[in-house]
Structure formats: structure tokens, C-alpha cells
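coords-v3.txt (compact mmCIF, C-alpha atoms (C1' of nucleotides))
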```
# COMPACT_ATOMS: atom_id res chain seq x y z
CA MET S 450 0.00 0.00 0.00
CA THR S 451 1.25 3.45 -0.89
CA ASN S 452 0.61 6.01 1.82
CA THR S 453 -1.53 9.00 1.00
CA LEU S 454 -0.03 12.49 1.03
CA PHE S 455 -2.33 14.78 3.01
CA ARG S 456 -1.98 18.47 2.18
CA LEU S 457 -3.60 21.14 4.32
CA GLY S 458 -5.09 24.40 3.18
CA TYR S 459 -7.25 27.15 4.65
CA VAL S 460 -9.87 29.66 3.64
CA ALA S 461 -9.57 33.15 2.22
CA MET S 462 -7.90 35.17 4.99
CA SER S 463 -5.19 35.12 7.64
CA VAL S 464 -5.39 36.02 11.31
CA HIS S 465 -1.60 36.44 11.37
CA LEU S 466 -0.85 38.68 8.41
CA LYS S 467 -1.86 42.22 9.37
CA ASN S 468 -4.08 44.40 7.18
CA SER S 469 -4.38 41.71 4.53
CA SER S 470 -8.12 41.50 3.96
CA PRO S 471 -8.98 40.15 0.49
CA SER S 472 -12.63 41.12 0.94
CA GLN S 473 -12.77 44.80 1.74
CA THR S 474 -16.01 46.01 0.31
CA MET S 475 -18.30 48.79 -0.76
CA THR S 476 -22.01 48.18 -0.42
CA TYR S 477 -24.43 49.31 -3.08
CA LYS S 478 -25.92 51.72 -0.59
CA ARG S 479 -22.54 53.44 -0.08
CA TYR S 480 -21.90 53.42 -3.81
CA SER S 481 -25.18 55.14 -4.56
CA GLN S 482 -24.53 57.82 -1.93
CA PHE S 483 -21.65 59.22 -3.99
CA ASP S 484 -22.52 62.41 -5.88
CA ASP S 485 -19.84 61.73 -8.44
CA GLU S 486 -20.32 58.36 -10.14
CA GLU S 487 -16.81 58.39 -11.55
CA ALA S 488 -15.39 58.83 -8.07
CA ALA S 489 -17.57 55.99 -6.82
CA VAL S 490 -16.30 53.62 -9.51
CA HIS S 491 -12.76 54.76 -8.82
CA LYS S 492 -13.24 53.88 -5.16
CA LEU S 493 -14.59 50.44 -6.13
CA GLU S 494 -11.59 49.83 -8.35
CA SER S 495 -9.06 50.76 -5.69
CA VAL S 496 -10.78 48.45 -3.20
CA ALA S 497 -10.65 45.64 -5.78
CA GLN S 498 -6.95 46.25 -6.44
CA SER S 499 -6.19 46.18 -2.74
CA ASN S 500 -8.11 42.91 -2.38
CA VAL S 501 -6.24 41.15 -5.19
CA GLN S 502 -2.89 42.52 -4.01
CA ASN S 503 -3.66 41.24 -0.53
CA CYS S 504 -4.30 37.78 -2.03
CA LEU S 505 -0.75 37.81 -3.36
CA ARG S 506 0.52 38.79 0.11
CA LEU S 507 -1.49 35.88 1.51
CA LEU S 508 0.06 33.47 -1.00
CA LYS S 509 3.52 34.69 -0.01
CA HIS S 510 2.62 34.14 3.62
CA ASN S 511 1.41 30.66 2.64
CA LYS S 512 4.65 29.92 0.83
CA ALA S 513 6.64 30.86 3.92
CA ASN S 514 4.58 28.27 5.80
CA ASP S 515 4.67 25.52 3.13
CA ILE S 516 0.94 25.95 2.44
CA HIS S 517 0.15 25.07 -1.17
CA PHE S 518 -3.62 24.92 -1.03
CA PHE S 519 -5.83 27.97 -0.58
CA ARG S 520 -9.38 29.15 -1.16
CA LEU S 521 -9.63 32.64 -2.57
CA SER S 522 -12.33 34.98 -1.34
CA SER S 523 -15.19 35.39 -3.78
CA ARG S 524 -15.50 39.05 -2.82
CA LEU S 525 -12.40 40.33 -4.60
CA VAL S 526 -14.27 42.84 -6.74
CA PRO S 527 -17.18 44.47 -4.88
CA LEU S 528 -20.40 44.93 -6.87
CA ALA S 529 -18.81 43.23 -9.91
CA THR S 530 -22.08 41.50 -10.79
CA HIS S 531 -24.44 44.19 -9.50
CA GLU S 532 -27.13 45.17 -11.96
CA ALA S 533 -26.52 48.89 -11.47
CA LEU S 534 -22.93 48.46 -12.70
CA LYS S 535 -23.72 46.63 -15.89
CA GLY S 536 -21.17 47.54 -18.54
CA TRP S 537 -18.42 48.24 -16.02
CA ASP S 538 -15.26 46.40 -17.07
CA TYR S 539 -14.36 45.24 -13.60
CA ILE S 540 -11.45 43.12 -14.81
CA LYS S 541 -9.47 45.93 -16.37
CA PRO S 542 -8.43 47.62 -13.09
CA VAL S 543 -7.27 44.33 -11.57
CA LYS S 544 -5.91 42.58 -14.66
CA LYS S 545 -2.26 43.15 -13.85
CA ASP S 546 -2.73 42.15 -10.22
CA LEU S 547 -4.60 39.00 -11.26
CA GLU S 548 -1.76 38.07 -13.61
CA ASP S 549 0.78 38.52 -10.83
CA LEU S 550 -1.35 36.43 -8.49
CA GLY S 551 -1.79 33.57 -10.96
CA ASP S 552 1.87 33.72 -11.90
CA PHE S 553 2.94 33.38 -8.27
CA ALA S 554 0.55 30.48 -7.69
CA ASP S 555 1.82 28.75 -10.82
CA ARG S 556 5.51 29.24 -10.05
CA ASN S 557 5.01 27.86 -6.55
CA GLN S 558 2.68 25.04 -7.55
CA MET S 559 -0.17 26.26 -5.42
CA ARG S 560 -3.71 24.98 -5.78
CA ILE S 561 -6.20 27.83 -5.54
CA ASP S 562 -9.95 27.67 -5.82
CA PHE S 563 -13.22 29.37 -4.96
CA HIS S 564 -16.41 28.63 -3.06
CA PRO S 565 -18.96 31.10 -4.47
CA ASP S 566 -21.48 32.40 -1.90
CA HIS S 567 -24.68 30.45 -1.40
CA PHE S 568 -26.54 32.88 -3.63
CA VAL S 569 -25.36 30.85 -6.61
CA VAL S 570 -28.22 28.36 -6.81
CA LEU S 571 -28.28 26.20 -9.91
CA ASN S 572 -31.41 24.23 -8.98
CA THR S 573 -33.59 27.31 -8.50
CA PRO S 574 -37.00 27.34 -10.19
CA ARG S 575 -36.65 31.11 -10.68
CA LYS S 576 -35.20 32.27 -14.01
CA GLU S 577 -33.81 35.54 -12.56
CA VAL S 578 -31.95 33.65 -9.83
CA LEU S 579 -30.48 31.26 -12.39
CA LYS S 580 -29.42 34.21 -14.50
CA THR S 581 -27.62 35.99 -11.63
CA SER S 582 -26.06 32.66 -10.69
CA PHE S 583 -24.60 32.38 -14.19
CA LEU S 584 -23.40 35.97 -13.94
CA THR S 585 -21.63 35.27 -10.65
CA LEU S 586 -20.07 32.09 -12.02
CA ASP S 587 -18.91 34.00 -15.08
CA TYR S 588 -17.26 36.51 -12.74
CA HIS S 589 -15.30 33.65 -11.16
CA TYR S 590 -14.45 32.34 -14.63
CA LYS S 591 -13.07 35.74 -15.63
CA LEU S 592 -11.00 36.02 -12.46
CA LEU S 593 -9.44 32.62 -13.09
CA THR S 594 -8.74 33.06 -16.79
CA ASN S 595 -7.25 36.50 -16.17
CA MET S 596 -4.93 34.88 -13.64
CA ASN S 597 -4.00 32.49 -16.45
CA VAL S 598 -5.21 29.68 -14.20
CA SER S 599 -7.10 26.84 -15.86
CA PRO S 600 -10.71 27.15 -14.62
CA ARG S 601 -11.19 23.39 -14.50
CA HIS S 602 -12.62 22.25 -11.15
CA ARG S 603 -12.01 25.48 -9.27
CA CYS S 604 -15.48 26.34 -7.90
CA VAL S 605 -17.23 24.36 -5.17
CA LEU S 606 -21.03 24.59 -5.14
CA HIS S 607 -23.90 22.96 -3.30
CA LEU S 608 -26.85 21.37 -5.08
CA GLY S 609 -29.11 24.16 -3.80
CA GLY S 610 -32.51 24.55 -2.17
CA LYS S 611 -35.07 21.93 -1.24
CA TYR S 612 -38.15 23.97 -2.22
CA GLU S 613 -41.42 22.03 -2.29
CA SER S 614 -39.87 18.63 -3.01
CA LYS S 615 -36.29 17.52 -2.56
CA GLU S 616 -36.55 14.89 -5.29
CA ASP S 617 -37.98 17.34 -7.84
CA SER S 618 -35.40 19.94 -6.89
CA LEU S 619 -32.53 17.50 -7.30
CA GLU S 620 -33.88 16.66 -10.76
CA ARG S 621 -34.14 20.38 -11.47
CA PHE S 622 -30.40 20.62 -10.84
CA ILE S 623 -29.89 18.01 -13.56
CA THR S 624 -32.24 19.87 -15.93
CA ASN S 625 -30.74 23.29 -15.25
CA TRP S 626 -27.23 21.88 -15.69
CA SER S 627 -27.89 21.56 -19.41
CA TYR S 628 -28.40 25.35 -19.56
CA VAL S 629 -25.03 26.02 -17.91
CA PRO S 630 -22.42 27.01 -20.51
CA GLU S 631 -19.83 24.27 -20.94
CA ARG S 632 -16.90 26.42 -19.85
CA ILE S 633 -18.76 27.15 -16.61
CA GLN S 634 -19.71 23.49 -16.13
CA GLU S 635 -16.03 22.61 -16.23
CA MET S 636 -15.27 24.89 -13.28
CA ILE S 637 -17.65 23.22 -10.91
CA MET S 638 -17.31 20.68 -8.10
CA LEU S 639 -20.23 19.64 -5.87
CA GLU S 640 -20.24 19.38 -2.10
CA ASN S 641 -22.68 17.71 0.32
CA ASP S 642 -24.49 20.27 2.50
CA ASP S 643 -25.52 20.20 6.16
CA LYS S 644 -29.28 20.56 5.73
CA THR S 645 -30.65 19.05 2.54
CA TYR S 646 -28.42 17.22 0.07
CA HIS S 647 -26.23 14.56 1.66
CA ILE S 648 -23.37 12.72 0.02
CA HIS S 649 -25.65 10.18 -1.71
CA ASP S 650 -27.52 12.98 -3.46
CA VAL S 651 -24.25 14.63 -4.45
CA LEU S 652 -22.87 11.36 -5.82
CA TYR S 653 -26.06 10.83 -7.82
CA ALA S 654 -25.59 14.20 -9.54
CA CYS S 655 -21.80 13.89 -9.82
CA GLU S 656 -21.90 10.47 -11.45
CA LYS S 657 -24.66 11.47 -13.82
CA LEU S 658 -23.01 14.73 -14.91
CA ASN S 659 -19.36 13.83 -14.48
CA ILE S 660 -18.57 16.35 -11.71
CA PRO S 661 -16.03 15.85 -8.90
CA ALA S 662 -17.57 15.38 -5.44
CA VAL S 663 -16.10 17.31 -2.53
CA PHE S 664 -16.80 15.44 0.69
CA ASP S 665 -17.43 17.59 3.76
CA LEU S 666 -17.14 15.39 6.84
CA HIS S 667 -18.73 17.93 9.19
CA HIS S 668 -21.72 18.42 6.88
CA HIS S 669 -22.01 14.66 6.59
CA LEU S 670 -22.27 14.28 10.36
CA ALA S 671 -24.99 16.94 10.39
CA ASN S 672 -26.90 15.50 7.44
CA HIS S 673 -26.77 11.92 6.21
CA GLU S 674 -28.86 8.99 5.12
CA GLN S 675 -26.38 6.54 6.53
CA GLU S 676 -23.74 7.67 8.99
CA ASN S 677 -21.07 5.30 7.69
CA TRP S 678 -19.50 7.26 4.82
CA ILE S 679 -16.58 4.92 4.18
CA LYS S 680 -18.76 2.63 2.04
CA GLU S 681 -19.15 5.50 -0.41
CA TRP S 682 -15.51 6.54 -0.36
CA ASP S 683 -14.63 4.68 -3.58
CA ARG S 684 -17.51 6.36 -5.38
CA ILE S 685 -16.25 9.74 -4.15
CA LEU S 686 -12.72 8.96 -5.37
CA ASN S 687 -14.02 7.83 -8.76
CA THR S 688 -15.65 11.20 -9.42
CA TRP S 689 -12.09 12.60 -9.48
CA ASN S 690 -10.75 10.23 -12.14
CA ALA S 691 -11.03 12.76 -14.96
CA SER S 692 -9.78 15.70 -12.92
CA PRO S 693 -6.31 17.23 -13.19
CA HIS S 694 -6.44 17.84 -9.44
CA ALA S 695 -6.07 15.67 -6.35
CA VAL S 696 -9.16 14.70 -4.37
CA LYS S 697 -10.41 17.57 -2.24
CA MET S 698 -12.07 17.44 1.17
CA HIS S 699 -13.49 19.91 3.64
CA ILE S 700 -12.56 19.51 7.29
CA SER S 701 -14.12 21.37 10.20
CA SER S 702 -15.38 20.72 13.70
CA PRO S 703 -18.76 21.62 15.20
CA LYS S 704 -18.80 24.76 17.37
CA SER S 705 -20.82 22.94 20.06
CA LYS S 706 -23.50 20.29 20.47
CA LYS S 707 -26.13 22.98 20.40
CA GLN S 708 -24.60 24.86 17.48
CA PHE S 709 -23.50 21.73 15.70
CA ARG S 710 -23.57 23.14 12.20
CA ALA S 711 -21.49 26.22 12.99
CA HIS S 712 -17.71 26.06 12.59
CA ALA S 713 -15.53 25.86 15.68
CA ASP S 714 -12.45 28.07 16.08
CA THR S 715 -10.14 25.16 15.40
CA VAL S 716 -10.19 21.57 14.11
CA ASP S 717 -10.24 18.58 16.42
CA SER S 718 -7.04 16.74 15.56
CA ASP S 719 -8.23 13.37 16.89
CA MET S 720 -11.25 13.44 14.63
CA PHE S 721 -9.10 14.48 11.71
CA LEU S 722 -6.53 11.75 12.32
CA GLN S 723 -9.24 9.14 12.62
CA PHE S 724 -10.52 10.21 9.23
CA ALA S 725 -7.02 10.22 7.74
CA LYS S 726 -6.39 6.67 8.96
CA GLU S 727 -9.58 5.42 7.35
CA VAL S 728 -8.72 6.78 3.92
CA ASN S 729 -4.95 6.33 4.03
CA GLY S 730 -3.70 4.46 0.98
CA SER S 731 -6.92 4.85 -0.99
CA THR S 732 -5.42 7.49 -3.29
CA GLY S 733 -2.11 9.25 -3.80
CA GLN S 734 -3.01 12.64 -2.41
CA ILE S 735 -5.87 14.29 -0.55
CA ASP S 736 -6.09 18.06 -0.22
CA CYS S 737 -7.84 18.97 3.02
CA MET S 738 -9.39 22.40 3.30
CA ILE S 739 -9.45 23.48 6.95
CA GLU S 740 -12.61 25.50 7.51
CA ALA S 741 -12.30 27.06 10.94
CA LYS S 742 -12.95 30.43 12.46
CA LYS S 743 -9.28 30.90 13.29
CA LYS S 744 -8.30 30.37 9.63
CA ASP S 745 -4.54 29.84 9.23
CA GLU S 746 -4.09 29.74 13.01
CA ALA S 747 -6.36 26.67 13.08
CA LEU S 748 -4.12 25.03 10.50
CA PHE S 749 -1.00 25.83 12.56
CA GLN S 750 -2.61 24.43 15.69
CA LEU S 751 -3.63 21.27 13.87
CA VAL S 752 -0.06 20.81 12.58
CA LYS S 753 1.27 21.28 16.11
CA ASP S 754 -1.00 18.45 17.27
CA LEU S 755 -0.04 16.25 14.32
CA LYS S 756 3.66 16.72 15.03
CA SER S 757 3.25 15.41 18.54
CA ASN S 758 1.68 12.20 17.24
CA PRO S 759 4.16 9.36 16.59
CA GLU S 760 2.00 7.96 13.77
CA VAL S 761 2.44 11.13 11.73
CA GLU S 762 5.39 11.85 9.48
CA MET S 763 5.45 15.50 8.45
CA VAL S 764 6.72 16.20 4.93
CA ASP S 765 6.82 19.94 5.55
CA GLU S 766 4.87 22.39 7.69
CA ALA S 767 1.57 21.73 5.91
CA SER S 768 1.62 18.19 4.56
CA PHE S 769 2.16 14.74 6.00
CA TYR S 770 2.02 10.99 5.64
CA LEU S 771 0.75 8.46 8.11
CA LYS S 772 3.40 5.90 9.00
CA ALA S 773 2.49 2.48 7.65
C1' DC B 52 -11.05 52.13 21.00
C1' DG B 53 -14.69 48.96 21.42
C1' DC B 54 -19.32 47.96 20.84
C1' DT B 55 -23.80 47.89 18.14
C1' DG B 56 -26.30 48.15 14.15
C1' DT B 57 -26.31 47.85 9.12
C1' DC B 58 -25.42 45.82 4.66
C1' DA B 59 -25.97 42.16 0.95
C1' DA B 60 -27.68 37.92 -1.05
C1' DG B 61 -31.50 33.48 -1.51
C1' DA B 62 -33.87 30.03 1.04
C1' DC B 63 -37.14 29.00 4.23
C1' DG B 64 -40.28 28.63 8.01
C1' DA B 65 -43.41 31.22 11.05
C1' DA B 66 -47.17 34.25 11.42
C1' DT Q 717 -47.79 37.15 1.51
C1' DT Q 718 -44.80 39.28 4.45
C1' DC Q 719 -41.36 39.20 7.70
C1' DG Q 720 -37.59 37.54 10.58
C1' DT Q 721 -33.71 34.35 10.63
C1' DC Q 722 -29.72 32.19 8.90
C1' DT Q 723 -24.66 33.45 7.54
C1' DT Q 724 -20.44 36.18 6.90
C1' DG Q 725 -17.00 39.93 7.11
C1' DA Q 726 -16.68 44.72 6.60
C1' DC Q 727 -17.48 49.03 8.30
C1' DA Q 728 -20.20 53.37 9.78
C1' DG Q 729 -21.27 55.55 13.73
C1' DC Q 730 -22.00 55.98 18.53
C1' DG Q 731 -20.42 56.68 23.32
```

Structure translated into C-alpha cells:
Amino acid sequence: MTNTLFRLGYVAMSVHLKNSSPSQTMTYKRYSQFDDEEAAVHKLESVAQSNVQNCLRLLKHNKANDIHFFRLSSRLVPLATHEALKGWDYIKPVKKDLEDLGDFADRNQMRIDFHPDHFVVLNTPRKEVLKTSFLTLDYHYKLLTNMNVSPRHRCVLHLGGKYESKEDSLERFITNWSYVPERIQEMIMLENDDKTYHIHDVLYACEKLNIPAVFDLHHHLANHEQENWIKEWDRILNTWNASPHAVKMHISSPKSKKQFRAHADTVDSDMFLQFAKEVNGSTGQIDCMIEAKKKDEALFQLVKDLKSNPEVEMVDEASFYLKA
DNA sequence: CGCTGTCAAGACGAA
DNA sequence: TTCGTCTTGACAGCG
């Protein structure tokens, strides 16, 4: 058996790097309060530039800590898809910064991706919502291509709402999928959610439409048909066969029994190790996205715990093998 | 400086 | 049908 390489990543922002927010914003309300529209757009553009530049600072911080897996904030360009700013070329002011960002990620072999906000709902019965969802996905597509990063399998989505009937709504995802432009389809991965669509539903859609399945262990514990997920692990792996990327997972711990679905500050290392042992050897590499309130600090704390465990062999500060 | 309220989006359940 | 809640980080404004 070949041991699996586990690589750790984190989400969007750092609690260590000062003044490095990649999601500074300007609300539509603020925007519309400007007397001078040109000045308002200028302000938007400088916020966007600062956001993208801060992403590069974050990647440099990641490099210094051996972190090669990172989720970019979806809020890099405020109001990019807002109806009132139709016609605004929101890429132009950040094009150079996007190129620098993508170039750095490429030179340092970093995996970067997105998790668009839950307002992207592909199984919606409402045409307007589907339309704005496409617009938002196209925004992500433009960000990626302007970074010169291949858009393939870079955006994690959920199946969507339950509406009047879960079964009908799952089928509506399949129907609506055929309206999604092919270049957008290629960007997408699907993740099990914590309220409606569990891993079996996700696998149904993924196998039918040839989409990689991102398994979220925390969501699974909150929402499942059958608690034992390991039986489905091979199916999950198989959805990644056609992907250029390693299998991707989401790891987080519940905040409390009462607030089970909310993310805790950090990740429980025992739970994580137990998971790692169960899947060790099943595939060459698994990229584990740490979703915790303390962001990169949660990753550092997890690594500290891993290092003190004799079964763990660290490769660097953010990846490891389990000893056979 | 720290706290509270506001902002934005779509789903959804209560009234 | 309308309204409050969920969720998240940013940030205006208050004391």
C-alpha cells in the first residue's frame, strides 16, 4: 500500500498577516450615496486592487509556511455583478494584479480555488436567480482566466434549495445543468451540505453529470442517510478520475453540540486523524481544506497536534504521511 | 477604541 | 404574503 499524502489548506484570509483582507467592500448603498459616479467607480476599483494585491501577500505568507492549497475569497471585486454596474469592465483595473497572483501560484505550484457564496443556486425554479447565478459564475471564470489559471474544477457549489420537493429539486439541478455554458460546467465541483443534500444525493448528480464530489465530513455528520460514509468513499474517489487535481475534502469541527452546524475556532485533531487513517492508501493525495474560524491559526494548531503524534510523518509544515 | 447596528444575497419557516 | 432568521466579514457611527 502506498501512503496518501495529506496536504492542508485554509480559507480566504489570515489572522496572522496584518491588514491583509482580500474582501474589503463597498455596499451598493454606499456606492449610490456618492454624488460623483466616476469617483464611486474609482473607489470600487481601488478596493478591488487592494483585495487582489492582498491575495498575493497571503500566497507569499502561505509559501513561507509551506501551504500550497488555498481558497480565494469570492468578494475580490465588490459589486462586480451588481445590476446597477452593468457595462463596467471590472477586470481591467485588476488585470495586472490578477496576472501577478496567478503567476505566483503557478511558479510555486499552489492549488487555488473558490467557493462562491450560497446565492449561486443552480437548482432554483426562478429564471432571474439562475441568471444571476450564471453571472456570478462568469465573474469567477473571468477572475481565473485572467490569472491564467485553468478554470477546470475550481469552484465548489452545493446542489441548492429543497423547495417544495427535494426529489424534484434534485432533478431540477440536472435539468438546469444543461443550460449552464460548458466552460462554466467545467469549473464546478459539488459538495454535500448540512441541511438538505447529503453525500448520496451529491454522488447521484456527480456520477450522472461527471462532476467531482467534494466530501465535507462535518456536513455529513450533520446531514446523512447513513452515517457510515466509508462505504461510499470509492464512489467519491471515482468522481475525481477525470480531474487534473487531487481529491479535495473539507474539514471542520462543530462549534458545540447545540450549534453543531457552525464552525468551531479550530479543528479537532483526533477526529481528523481518525478520518485520515480510514482513507490512508486509498489514493495518492488528498487536499484537506481546513474551515475554521481561526483560519490559518487553526491550520497551525492542527499541525502542532499532528507533530506530537508518533504515527504522523510530516513532509513539511503543511503536509504529511501516516506511517504504515 | 470597542461595541452595536447595518449591509448584501436566496432560502425558508413562522405568522 | 410578508417578515424575521440564517450566515459572513466589513465598516459606519456611537459613546

What are the closest atom pairs, with distances in Å to one decimal, for all residues of chain S lying within 12 Å of chain B? Consider only C-alpha atoms (C1' of nucleotides), order rows by chain and residue number, and present the result as a tab-separated table.
```
residue	atom	partner	partner_atom	distance
S:Thr474	CA	B:DC58	C1'	10.4
S:Met475	CA	B:DC58	C1'	9.4
S:Thr476	CA	B:DC58	C1'	6.6
S:Tyr477	CA	B:DA59	C1'	8.4
S:Lys478	CA	B:DC58	C1'	7.9
S:Arg479	CA	B:DC58	C1'	9.4
S:Tyr480	CA	B:DC58	C1'	11.9
S:Arg524	CA	B:DA59	C1'	11.6
S:Pro527	CA	B:DA59	C1'	10.8
S:Leu528	CA	B:DA59	C1'	10.0
S:Thr530	CA	B:DA60	C1'	11.8
S:His531	CA	B:DA59	C1'	10.8
S:Pro565	CA	B:DA60	C1'	11.6
S:Asp566	CA	B:DA60	C1'	8.3
S:His567	CA	B:DG61	C1'	7.5
S:Phe568	CA	B:DG61	C1'	5.4
S:Val569	CA	B:DG61	C1'	8.4
S:Val570	CA	B:DG61	C1'	8.1
S:Leu571	CA	B:DG61	C1'	11.6
S:Asn572	CA	B:DA62	C1'	11.8
S:Thr573	CA	B:DG61	C1'	9.6
S:Pro574	CA	B:DA62	C1'	12.0
S:Arg575	CA	B:DG61	C1'	10.8
S:Glu577	CA	B:DG61	C1'	11.5
S:Val578	CA	B:DG61	C1'	8.3
S:Leu579	CA	B:DG61	C1'	11.2
S:Thr581	CA	B:DA60	C1'	10.8
S:Ser582	CA	B:DG61	C1'	10.7
S:Thr585	CA	B:DA60	C1'	11.7
S:Gly609	CA	B:DA62	C1'	9.0
S:Gly610	CA	B:DA62	C1'	6.5
S:Lys611	CA	B:DA62	C1'	8.5
S:Tyr612	CA	B:DA62	C1'	8.1
S:Glu613	CA	B:DC63	C1'	10.5
S:Lys644	CA	B:DA62	C1'	11.5
S:Thr645	CA	B:DA62	C1'	11.5
```

Show me the residues close to (-27.9, 12.5, 10.9) - anything with an atom within 12 Å, counting all atoms listed in the file - and format the list as a PyMOL selection string. chain S and resi 642-648+666-678+709-710

What are the residues of chain Q lining chain S at 10 Å or less? Count only C-alpha atoms (C1' of nucleotides), and put the answer as a list in words. DT723, DT724, DG725, DA726 and DC727 of chain Q

Which neighbours of Pro542 of chain S fall inside 12 Å, counting all atoms listed in the file, when residues of the same chain fewer than 6 positions from it are skipped, and could you give them as a count of residues only? 19

Find the distance between atom CA of Arg520 of chain S and atom CA of Leu771 of chain S and write it in Å to one decimal. 24.8 Å

Please write out, as AutoDock Vina command-line options, where the centre of an axis-aligned box around all listed atoms of chain B lies and how long its edges are, in Å to one decimal, after adding 8 Å on each side.
```
--center_x -29.1 --center_y 40.4 --center_z 10.0 --size_x 52.1 --size_y 39.5 --size_z 38.9
```

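Here atom CA of Leu586 of chain S stands at a distance of 15.5 Å from atom CA of Phe622 of chain S.
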
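Atom CA of Phe455 of chain S lies 8.1 Å from atom CA of Ala725 of chain S.
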
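All residues of protein, DNA or RNA that reach within 7 Å of Ala767 of chain S, judged by all atoms listed in the file and not counting those fewer than 3 positions away in the chain, are Arg456, Leu457, Asp515, Ile516 and Val752 of chain S.
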